[in-house]
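Asker: Input work-v1.cif, format and content: mmCIF, C-alpha atoms.
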data_my_file
loop_
_atom_site.group_PDB
_atom_site.id
_atom_site.type_symbol
_atom_site.label_atom_id
_atom_site.label_comp_id
_atom_site.auth_asym_id
_atom_site.auth_seq_id
_atom_site.Cartn_x
_atom_site.Cartn_y
_atom_site.Cartn_z
ATOM 1 C CA MET A 1 66.227 -43.759 6.110
ATOM 2 C CA ALA A 2 66.676 -45.588 2.868
ATOM 3 C CA TRP A 3 68.194 -49.005 2.609
ATOM 4 C CA LYS A 4 69.457 -50.634 -0.523
ATOM 5 C CA TYR A 5 70.635 -54.185 -0.423
ATOM 6 C CA ALA A 6 71.638 -55.713 -3.701
ATOM 7 C CA LEU A 7 70.641 -59.306 -4.174
ATOM 8 C CA ASN A 8 73.254 -61.619 -5.605
ATOM 9 C CA ILE A 9 72.391 -61.830 -9.299
ATOM 10 C CA GLY A 10 73.296 -65.484 -9.332
ATOM 11 C CA ALA A 11 70.882 -66.156 -6.479
ATOM 12 C CA ILE A 12 68.130 -64.269 -8.268
ATOM 13 C CA SER A 13 68.524 -66.440 -11.317
ATOM 14 C CA LEU A 14 67.771 -69.468 -9.158
ATOM 15 C CA ILE A 15 64.227 -68.486 -8.244
ATOM 16 C CA LEU A 16 62.108 -69.790 -11.103
ATOM 17 C CA SER A 17 62.535 -73.542 -10.680
ATOM 18 C CA LEU A 18 60.683 -74.491 -7.508
ATOM 19 C CA GLU A 19 58.258 -77.406 -7.617
ATOM 20 C CA ALA A 20 54.896 -76.192 -8.830
ATOM 21 C CA VAL A 21 52.819 -74.787 -6.040
ATOM 22 C CA VAL A 22 49.100 -74.678 -6.342
ATOM 23 C CA ALA A 23 48.154 -71.204 -7.475
ATOM 24 C CA GLY A 24 45.014 -70.146 -5.729
ATOM 25 C CA SER A 25 42.926 -67.071 -6.034
ATOM 26 C CA PHE A 26 44.442 -64.247 -4.019
ATOM 27 C CA LEU A 27 42.538 -63.592 -0.795
ATOM 28 C CA ARG A 28 40.435 -65.600 1.621
ATOM 29 C CA PRO A 29 37.720 -64.524 4.019
ATOM 30 C CA ALA A 30 38.458 -64.519 7.639
ATOM 31 C CA GLU A 31 36.073 -64.699 10.534
ATOM 32 C CA ALA A 32 38.042 -65.574 13.570
ATOM 33 C CA LEU A 33 41.601 -64.435 13.695
ATOM 34 C CA ASN A 34 42.560 -64.683 17.326
ATOM 35 C CA SER A 35 45.538 -66.819 18.297
ATOM 36 C CA PRO A 36 45.030 -68.474 21.680
ATOM 37 C CA ALA A 37 48.735 -68.873 22.341
ATOM 38 C CA ASN A 38 49.726 -65.262 21.922
ATOM 39 C CA SER A 39 48.938 -62.367 24.195
ATOM 40 C CA VAL A 40 49.821 -58.886 22.997
ATOM 41 C CA HIS A 41 48.751 -55.396 23.923
ATOM 42 C CA ARG A 42 49.241 -52.343 21.783
ATOM 43 C CA ARG A 43 51.141 -49.375 23.080
ATOM 44 C CA SER A 44 48.978 -46.671 24.567
ATOM 45 C CA GLN A 45 50.178 -44.198 21.964
ATOM 46 C CA PRO A 46 48.685 -44.453 18.493
ATOM 47 C CA GLN A 47 50.676 -46.462 15.986
ATOM 48 C CA LEU A 48 50.394 -46.455 12.251
ATOM 49 C CA PRO A 49 50.629 -49.311 9.775
ATOM 50 C CA LEU A 50 53.473 -49.427 7.309
ATOM 51 C CA ASN A 51 53.658 -50.177 3.685
ATOM 52 C CA TRP A 52 55.123 -53.336 2.379
ATOM 53 C CA GLN A 53 55.376 -54.602 -1.089
ATOM 54 C CA THR A 54 57.738 -57.269 -2.288
ATOM 55 C CA VAL A 55 58.443 -58.843 -5.582
ATOM 56 C CA LEU A 56 60.558 -61.889 -6.387
ATOM 57 C CA PRO A 57 63.063 -61.700 -9.213
ATOM 58 C CA ALA A 58 62.369 -63.460 -12.476
ATOM 59 C CA GLN A 59 64.101 -66.813 -12.759
ATOM 60 C CA PRO A 60 65.192 -68.831 -15.728
ATOM 61 C CA SER A 61 63.617 -72.229 -16.184
ATOM 62 C CA GLY A 62 65.564 -75.101 -14.724
ATOM 63 C CA SER A 63 66.906 -73.043 -11.844
ATOM 64 C CA ARG A 64 65.982 -73.375 -8.207
ATOM 65 C CA PRO A 65 65.187 -70.360 -5.983
ATOM 66 C CA ASN A 66 67.567 -69.790 -3.108
ATOM 67 C CA SER A 67 65.401 -68.957 -0.105
ATOM 68 C CA GLN A 68 68.346 -68.335 2.177
ATOM 69 C CA GLN A 69 69.828 -65.653 -0.062
ATOM 70 C CA LEU A 70 66.443 -63.984 -0.488
ATOM 71 C CA GLY A 71 65.779 -64.111 3.220
ATOM 72 C CA ALA A 72 69.120 -62.490 3.974
ATOM 73 C CA SER A 73 68.143 -59.522 1.835
ATOM 74 C CA TRP A 74 64.585 -59.072 3.101
ATOM 75 C CA ASN A 75 65.554 -59.526 6.741
ATOM 76 C CA SER A 76 68.548 -57.219 6.676
ATOM 77 C CA PHE A 77 66.370 -54.238 7.590
ATOM 78 C CA GLN A 78 66.094 -53.407 11.270
ATOM 79 C CA PRO A 79 63.626 -51.168 13.121
ATOM 80 C CA PRO A 80 64.913 -47.730 14.186
ATOM 81 C CA GLN A 81 66.928 -47.729 17.426
ATOM 82 C CA GLN A 82 64.162 -46.030 19.348
ATOM 83 C CA GLY A 83 61.463 -48.143 17.789
ATOM 84 C CA VAL A 84 59.690 -51.184 19.194
ATOM 85 C CA PRO A 85 59.978 -54.399 17.132
ATOM 86 C CA GLY A 86 56.853 -55.358 15.247
ATOM 87 C CA ARG A 87 54.857 -58.583 15.522
ATOM 88 C CA ARG A 88 54.203 -60.880 12.557
ATOM 89 C CA GLU A 89 51.730 -63.232 14.221
ATOM 90 C CA GLY A 90 48.534 -62.049 15.828
ATOM 91 C CA GLY A 91 48.264 -61.699 19.554
ATOM 92 C CA GLY A 92 45.603 -60.347 21.835
ATOM 93 C CA THR A 93 42.981 -61.377 24.320
ATOM 94 C CA ARG A 94 40.638 -64.225 23.568
ATOM 95 C CA GLY A 95 37.138 -62.897 23.206
ATOM 96 C CA LEU A 96 34.009 -65.014 23.175
ATOM 97 C CA GLU A 97 33.217 -63.768 19.691
ATOM 98 C CA CYS A 98 36.666 -64.546 18.268
ATOM 99 C CA SER A 99 37.008 -68.255 17.585
ATOM 100 C CA THR A 100 40.471 -69.718 17.312
ATOM 101 C CA ALA A 101 42.200 -71.374 14.354
ATOM 102 C CA PRO A 102 45.254 -73.651 13.910
ATOM 103 C CA THR A 103 47.194 -70.757 12.356
ATOM 104 C CA SER A 104 46.997 -67.228 13.707
ATOM 105 C CA LEU A 105 46.548 -63.913 11.932
ATOM 106 C CA THR A 106 49.884 -63.324 10.175
ATOM 107 C CA ALA A 107 51.431 -60.277 8.529
ATOM 108 C CA LEU A 108 53.350 -61.094 5.336
ATOM 109 C CA ILE A 109 56.549 -59.309 6.261
ATOM 110 C CA PRO A 110 60.216 -60.262 6.828
ATOM 111 C CA GLN A 111 61.275 -61.728 10.178
ATOM 112 C CA SER A 112 62.867 -58.415 11.129
ATOM 113 C CA THR A 113 59.339 -56.924 10.748
ATOM 114 C CA MET A 114 60.984 -54.148 8.704
ATOM 115 C CA GLY A 115 60.591 -53.678 4.955
ATOM 116 C CA GLN A 116 61.214 -51.071 2.291
ATOM 117 C CA THR A 117 59.011 -49.659 -0.439
ATOM 118 C CA LEU A 118 59.104 -47.168 -3.288
ATOM 119 C CA SER A 119 55.396 -46.470 -3.019
ATOM 120 C CA ALA A 120 53.967 -43.380 -1.365
ATOM 121 C CA LYS A 121 50.836 -45.381 -0.599
ATOM 122 C CA PRO A 122 51.836 -49.030 -0.311
ATOM 123 C CA THR A 123 49.829 -52.221 0.017
ATOM 124 C CA PHE A 124 50.005 -54.539 3.042
ATOM 125 C CA PHE A 125 49.230 -58.264 3.051
ATOM 126 C CA TYR A 126 47.825 -60.444 5.824
ATOM 127 C CA TYR A 127 46.896 -64.075 6.196
ATOM 128 C CA LEU A 128 43.479 -64.661 7.756
ATOM 129 C CA PRO A 129 43.020 -68.226 9.089
ATOM 130 C CA VAL A 130 39.220 -68.085 8.778
ATOM 131 C CA ALA A 131 36.488 -66.269 6.901
ATOM 132 C CA LEU A 132 35.916 -62.838 8.394
ATOM 133 C CA ASP A 133 33.100 -60.405 9.020
ATOM 134 C CA LYS A 134 34.534 -58.070 11.626
ATOM 135 C CA THR A 135 35.630 -54.513 12.255
ATOM 136 C CA VAL A 136 39.316 -54.033 11.481
ATOM 137 C CA GLN A 137 41.553 -51.029 12.069
ATOM 138 C CA PHE A 138 44.646 -49.906 10.216
ATOM 139 C CA GLU A 139 46.904 -47.399 11.925
ATOM 140 C CA LEU A 140 50.106 -45.709 10.804
ATOM 141 C CA ALA A 141 52.523 -43.776 13.036
ATOM 142 C CA ASP A 142 55.816 -42.001 12.556
ATOM 143 C CA GLU A 143 59.034 -42.741 14.453
ATOM 144 C CA ARG A 144 57.970 -40.439 17.278
ATOM 145 C CA ASP A 145 54.847 -42.528 17.737
ATOM 146 C CA LYS A 146 52.595 -39.810 16.367
ATOM 147 C CA THR A 147 49.594 -41.240 14.593
ATOM 148 C CA VAL A 148 49.474 -40.045 11.018
ATOM 149 C CA TYR A 149 46.583 -42.205 9.859
ATOM 150 C CA LYS A 150 43.938 -44.365 11.486
ATOM 151 C CA LYS A 151 40.922 -45.894 9.809
ATOM 152 C CA SER A 152 38.335 -48.510 10.780
ATOM 153 C CA PHE A 153 36.587 -50.756 8.262
ATOM 154 C CA ARG A 154 34.168 -53.615 8.166
ATOM 155 C CA MET A 155 36.085 -56.432 6.466
ATOM 156 C CA VAL A 156 34.187 -59.332 4.936
ATOM 157 C CA THR A 157 35.797 -62.361 3.275
ATOM 158 C CA SER A 158 34.262 -65.587 2.021
ATOM 159 C CA ARG A 159 37.030 -67.879 3.205
ATOM 160 C CA ALA A 160 40.476 -68.048 4.780
ATOM 161 C CA GLY A 161 43.463 -66.799 2.815
ATOM 162 C CA VAL A 162 45.686 -63.811 2.072
ATOM 163 C CA VAL A 163 44.055 -60.384 1.959
ATOM 164 C CA SER A 164 45.428 -56.930 1.259
ATOM 165 C CA VAL A 165 44.937 -53.434 2.649
ATOM 166 C CA SER A 166 46.105 -50.570 0.435
ATOM 167 C CA LEU A 167 46.600 -46.971 1.474
ATOM 168 C CA ASP A 168 46.053 -46.065 -2.160
ATOM 169 C CA SER A 169 42.383 -47.045 -1.845
ATOM 170 C CA ASP A 170 41.748 -44.092 0.475
ATOM 171 C CA ASP A 171 42.165 -40.587 -0.949
ATOM 172 C CA ASN A 172 42.549 -39.240 2.586
ATOM 173 C CA SER A 173 45.470 -41.476 3.512
ATOM 174 C CA PRO A 174 48.870 -39.762 3.807
ATOM 175 C CA ALA A 175 51.740 -40.242 1.377
ATOM 176 C CA LEU A 176 54.810 -41.799 2.983
ATOM 177 C CA GLU A 177 57.860 -39.544 2.875
ATOM 178 C CA VAL A 178 61.097 -40.760 1.324
ATOM 179 C CA GLY A 179 63.696 -41.660 3.936
ATOM 180 C CA LYS A 180 61.169 -41.858 6.778
ATOM 181 C CA ASN A 181 60.360 -44.872 8.971
ATOM 182 C CA TYR A 182 56.780 -45.654 9.891
ATOM 183 C CA GLN A 183 55.196 -48.235 12.142
ATOM 184 C CA TRP A 184 51.876 -49.792 11.198
ATOM 185 C CA TYR A 185 49.237 -51.764 13.095
ATOM 186 C CA PHE A 186 46.506 -53.999 11.735
ATOM 187 C CA THR A 187 43.903 -54.890 14.360
ATOM 188 C CA ILE A 188 40.837 -57.112 14.227
ATOM 189 C CA LYS A 189 38.120 -56.132 16.678
ATOM 190 C CA CYS A 190 36.671 -59.449 17.835
ATOM 191 C CA ASN A 191 33.899 -58.028 19.963
ATOM 192 C CA ALA A 192 31.986 -54.993 18.727
ATOM 193 C CA LYS A 193 30.908 -54.257 22.299
ATOM 194 C CA ASN A 194 34.369 -54.359 23.820
ATOM 195 C CA TYR A 195 37.053 -52.984 21.492
ATOM 196 C CA THR A 196 39.531 -52.454 24.323
ATOM 197 C CA THR A 197 40.094 -56.073 25.348
ATOM 198 C CA ASP A 198 38.800 -58.346 22.593
ATOM 199 C CA GLU A 199 41.122 -57.766 19.675
ATOM 200 C CA VAL A 200 43.973 -59.405 17.807
ATOM 201 C CA LEU A 201 46.758 -57.492 16.076
ATOM 202 C CA VAL A 202 49.953 -57.616 14.052
ATOM 203 C CA SER A 203 52.421 -54.793 13.437
ATOM 204 C CA GLY A 204 55.574 -53.900 11.561
ATOM 205 C CA TRP A 205 57.848 -51.171 10.232
ATOM 206 C CA ILE A 206 58.110 -49.706 6.758
ATOM 207 C CA ASN A 207 60.572 -47.331 5.172
ATOM 208 C CA ARG A 208 60.042 -45.485 1.923
ATOM 209 C CA THR A 209 63.183 -45.231 -0.188
ATOM 210 C CA ALA A 210 64.174 -43.912 -3.610
ATOM 211 C CA LEU A 211 66.163 -45.491 -6.426
ATOM 212 C CA ALA A 212 69.254 -44.221 -8.204
ATOM 213 C CA PRO A 213 68.239 -42.405 -11.439
ATOM 214 C CA ASN A 214 69.574 -45.145 -13.712
ATOM 215 C CA VAL A 215 67.775 -47.890 -11.776
ATOM 216 C CA LYS A 216 64.543 -45.888 -11.749
ATOM 217 C CA THR A 217 64.740 -45.450 -15.522
ATOM 218 C CA GLU A 218 65.240 -49.186 -15.930
ATOM 219 C CA LEU A 219 62.286 -49.906 -13.656
ATOM 220 C CA ASP A 220 59.987 -47.465 -15.458
ATOM 221 C CA ARG A 221 60.684 -49.166 -18.790
ATOM 222 C CA ALA A 222 60.447 -52.740 -17.533
ATOM 223 C CA PRO A 223 57.362 -54.984 -17.841
ATOM 224 C CA SER A 224 55.852 -56.189 -14.574
ATOM 225 C CA ARG A 225 57.668 -59.527 -14.512
ATOM 226 C CA THR A 226 61.026 -57.894 -15.063
ATOM 227 C CA LYS A 227 60.282 -55.401 -12.310
ATOM 228 C CA LEU A 228 60.247 -58.301 -9.864
ATOM 229 C CA SER A 229 63.949 -58.852 -10.438
ATOM 230 C CA ILE A 230 64.705 -55.184 -9.840
ATOM 231 C CA PHE A 231 62.625 -55.090 -6.666
ATOM 232 C CA ALA A 232 64.425 -58.182 -5.374
ATOM 233 C CA GLN A 233 67.854 -56.772 -6.209
ATOM 234 C CA GLN A 234 67.007 -53.549 -4.369
ATOM 235 C CA GLY A 235 65.473 -55.349 -1.377
ATOM 236 C CA LEU A 236 62.051 -53.743 -1.888
ATOM 237 C CA TRP A 237 59.826 -56.177 -0.036
ATOM 238 C CA TYR A 238 56.508 -54.363 -0.266
ATOM 239 C CA ASP A 239 56.799 -53.610 -3.966
ATOM 240 C CA TYR A 240 57.880 -57.123 -4.786
ATOM 241 C CA LEU A 241 54.988 -58.724 -2.936
ATOM 242 C CA ALA A 242 52.357 -56.328 -4.276
ATOM 243 C CA THR A 243 53.515 -56.745 -7.870
ATOM 244 C CA LEU A 244 53.709 -60.519 -7.607
ATOM 245 C CA ALA A 245 50.267 -60.700 -5.985
ATOM 246 C CA GLN A 246 48.791 -58.602 -8.799
ATOM 247 C CA LEU A 247 50.387 -60.857 -11.417
ATOM 248 C CA ARG A 248 48.984 -63.929 -9.692
ATOM 249 C CA MET A 249 45.490 -62.463 -9.632
ATOM 250 C CA GLU A 250 45.752 -61.672 -13.341
ATOM 251 C CA SER A 251 47.138 -65.135 -14.190
ATOM 252 C CA PRO A 252 45.905 -67.529 -11.469
ATOM 253 C CA SER A 253 46.881 -70.637 -13.457
ATOM 254 C CA ASP A 254 50.484 -69.564 -14.041
ATOM 255 C CA ALA A 255 52.569 -72.100 -12.087
ATOM 256 C CA SER A 256 55.762 -70.033 -12.353
ATOM 257 C CA LEU A 257 54.132 -67.185 -10.425
ATOM 258 C CA ALA A 258 52.932 -69.609 -7.752
ATOM 259 C CA LEU A 259 56.503 -70.854 -7.423
ATOM 260 C CA LYS A 260 57.806 -67.322 -6.955
ATOM 261 C CA TRP A 261 55.177 -66.678 -4.304
ATOM 262 C CA SER A 262 56.152 -69.843 -2.467
ATOM 263 C CA ALA A 263 59.865 -68.986 -2.740
ATOM 264 C CA VAL A 264 59.525 -65.485 -1.309
ATOM 265 C CA LEU A 265 57.395 -66.596 1.640
ATOM 266 C CA ASN A 266 59.738 -69.497 2.380
ATOM 267 C CA SER A 267 62.656 -67.056 2.323
ATOM 268 C CA VAL A 268 61.188 -65.285 5.364
ATOM 269 C CA GLN A 269 60.037 -68.447 7.153
ATOM 270 C CA LEU A 270 56.378 -68.130 6.155
ATOM 271 C CA GLY A 271 56.270 -71.376 4.214
ATOM 272 C CA LYS A 272 53.350 -72.634 6.295
ATOM 273 C CA ILE A 273 51.048 -70.211 4.476
ATOM 274 C CA ALA A 274 52.797 -70.217 1.084
ATOM 275 C CA GLN A 275 50.053 -72.287 -0.534
ATOM 276 C CA GLU A 276 47.179 -70.330 0.925
ATOM 277 C CA PRO A 277 45.090 -68.578 -1.756
ATOM 278 C CA LEU A 278 44.791 -64.869 -2.380
ATOM 279 C CA VAL A 279 41.217 -63.946 -1.615
ATOM 280 C CA PRO A 280 39.253 -60.750 -2.218
ATOM 281 C CA SER A 281 37.878 -58.849 0.717
ATOM 282 C CA GLU A 282 35.142 -56.259 1.011
ATOM 283 C CA LEU A 283 36.255 -53.226 2.989
ATOM 284 C CA THR A 284 33.614 -50.716 4.043
ATOM 285 C CA PRO A 285 34.843 -47.582 5.874
ATOM 286 C CA LEU A 286 33.096 -47.014 9.200
ATOM 287 C CA ARG A 287 31.954 -43.577 10.156
ATOM 288 C CA LYS A 288 33.022 -42.139 13.467
ATOM 289 C CA LYS A 289 30.196 -41.944 15.951
#
Could you quickly redo this structure as C-alpha cells?

Answerer:
Amino acid sequence: MAWKYALNIGAISLILSLEAVVAGSFLRPAEALNSPANSVHRRSQPQLPLNWQTVLPAQPSGSRPNSQQLGASWNSFQPPQQGVPGRREGGGTRGLECSTAPTSLTALIPQSTMGQTLSAKPTFFYYLPVALDKTVQFELADERDKTVYKKSFRMVTSRAGVVSVSLDSDDNSPALEVGKNYQWYFTIKCNAKNYTTDEVLVSGWINRTALAPNVKTELDRAPSRTKLSIFAQQGLWYDYLATLAQLRMESPSDASLALKWSAVLNSVQLGKIAQEPLVPSELTPLRKK
C-alpha cells in the first residue's frame, strides 16, 4: 500500500542551518555487533529485508532544521495489521565470538520501523559499532511471511560506522512491487560454527510506492540536491537517505550535507549515531554448501 505524507514546506525550509556536523567518510567496519542488553529471536518463518532510502529536503542558509516535523512524517508509517513490528537495535544471543560494544547494531530507519521507497531495488543502511569480518544475511519476505529473497555474504569493514546493503548490487534479487509491503531482516552470524544461536539482528518494513505523474516529472528533471526536498515532502525515507548518503560520499567535506544527515537522524531519534562516518564495506556472496 502506498503512503504519501506531505512535509510542511515551511518546515522543510528550516533544515539547512544546523550547526556543522563533522562529515566523515560513509561506512565503518564492524567486527562485533552483538548488544548484550537485547535478546531477540527471529520468527521461524523466513523474513525478508526491506528497502529504505531517505533524503532530507534542501534548506536555505540561515534556517534551522525542524527535527520534530521531519520525524512526524517519517514515523507516520505503520506496519501492516497482520505484521510484526520491526526492531531497530540489534538483539540476539551473546556468542563467545561476538564481542560487545557501547552501541548496538542499529538499522537506520524511522521509529515505526516502516518506511517508503520509490526504488524497485532499494538500499538499506546500518550502523556497525565495531569493525567487522563476519558472515551476514539479508532476507526479504512478503506480508504473508513468504521469503522472496535470502542471501548470505562475508562482510568486511575496516572500522565502525554506517554501512549499506543494496538489492541493486545483486542481479538475482527481486524487484519490489508497487503498493506491496515487505519485511526485511539483517543478521550478523557471530559464530560460524553455530548460526542458530550466536547471531544478532535488526528488522523493519518497507513499502514501495509511486508518485503522481506531475511529481515524478519534477523529480526526473531535478538535480540530486533538489530531489532531497521532493523525497522529504513525499515521506520517502529510503530514497532520501540513499541519495543523501551518495552526496556525502561524493562531497565528504561539504558541511551542509553533514548537517542534513544529522538532522534526518535526529528526527527519528538516532542522534547518537548522527556523527558516525559512512564507511565502505566489502561484501562477498557465499555459496550454498

Asker: What is the distance, in Å and to one decimal place, between CA of Glu282 (chain A) and CA of Met249 (chain A)?

Answerer: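 According to the coordinates, CA of Glu282 (chain A) and CA of Met249 (chain A) are separated by 16.1 Å.
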
Asker: If we draw a sphere of 10 Å around (47.1, -42.3, 12.4), which residues have at least one atom in it when counting all atoms listed in the file? Please report them as a ChimeraX atom specification.

Answerer: /A:46-49,138-142,145-151,173-174,184-185

Asker: Write the selection just made, keeping C-alpha atoms, as a tab-separated table (two decimals), keeping the file's coordinate frame?

Answerer:
chain	number	residue	atom	x	y	z
A	46	PRO	CA	48.68	-44.45	18.49
A	47	GLN	CA	50.68	-46.46	15.99
A	48	LEU	CA	50.39	-46.46	12.25
A	49	PRO	CA	50.63	-49.31	9.78
A	138	PHE	CA	44.65	-49.91	10.22
A	139	GLU	CA	46.90	-47.40	11.92
A	140	LEU	CA	50.11	-45.71	10.80
A	141	ALA	CA	52.52	-43.78	13.04
A	142	ASP	CA	55.82	-42.00	12.56
A	145	ASP	CA	54.85	-42.53	17.74
A	146	LYS	CA	52.60	-39.81	16.37
A	147	THR	CA	49.59	-41.24	14.59
A	148	VAL	CA	49.47	-40.04	11.02
A	149	TYR	CA	46.58	-42.20	9.86
A	150	LYS	CA	43.94	-44.36	11.49
A	151	LYS	CA	40.92	-45.89	9.81
A	173	SER	CA	45.47	-41.48	3.51
A	174	PRO	CA	48.87	-39.76	3.81
A	184	TRP	CA	51.88	-49.79	11.20
A	185	TYR	CA	49.24	-51.76	13.10

Asker: Separation of CA of Arg87 (chain A) and CA of Ala107 (chain A), in Å?

Answerer: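 Computed distance, CA of Arg87 (chain A) to CA of Ala107 (chain A), equals 8.0 Å.
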
Asker: Between A:Arg208, A:Arg154, A:Lys134, A:Lys180, which residue has the minimum interatomic distance to Ala120 (chain A), considering all atoms listed in the file?

Answerer: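 Result for the nearest residue to Ala120 (chain A): A:Arg208.
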
Asker: Anything within 7 Å of (49.9, -55.6, 16.7): list those residues as a list in words, counting all atoms listed in the file and sticking to the file's coordinates.

Answerer: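 Residues with an atom at most 7 Å from (49.9, -55.6, 16.7): Arg42, Arg87, Gly90, Gly91, Tyr185, Phe186, Thr187, Leu201, Val202 and Ser203 of chain A.
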
Asker: Find the residue from A:Ser112, A:Gly204, A:Gln234, A:Lys121 that sits nearest to Lys216 (chain A); use only C-alpha atoms when measuring.

Answerer: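 Using only C-alpha atoms, Lys216 (chain A) sits closest to A:Gln234.
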
Asker: Go through A:Thr284, A:Gln269, A:Thr209, A:Ser253 one by one, measure the shortest atom-to-atom distance of each to Thr106 (chain A) using all atoms listed in the file, and give the residue with the smallest value.

Answerer: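 So, comparing all the options, the nearest one is A:Gln269.
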
Asker: For the file shown, report as a ChimeraX atom specification the outcome of the PyMOL selection byres ((chain A and resi 265) around 10) at residue level.

Answerer: /A:56,67,70-71,108-110,241,260-264,266-275

Asker: Report, in Å with one decimal, the straight-line distance from CA of Pro85 (chain A) to CA of Gln111 (chain A).

Answerer: 10.2 Å

Asker: Report the residues retrieved by the PyMOL selection byres ((chain A and resi 189) around 8) from the displayed file, expressed as JSON, numbers by chain.

Answerer: {"A": [134, 135, 136, 137, 187, 188, 190, 191, 192, 195, 198, 199, 200]}
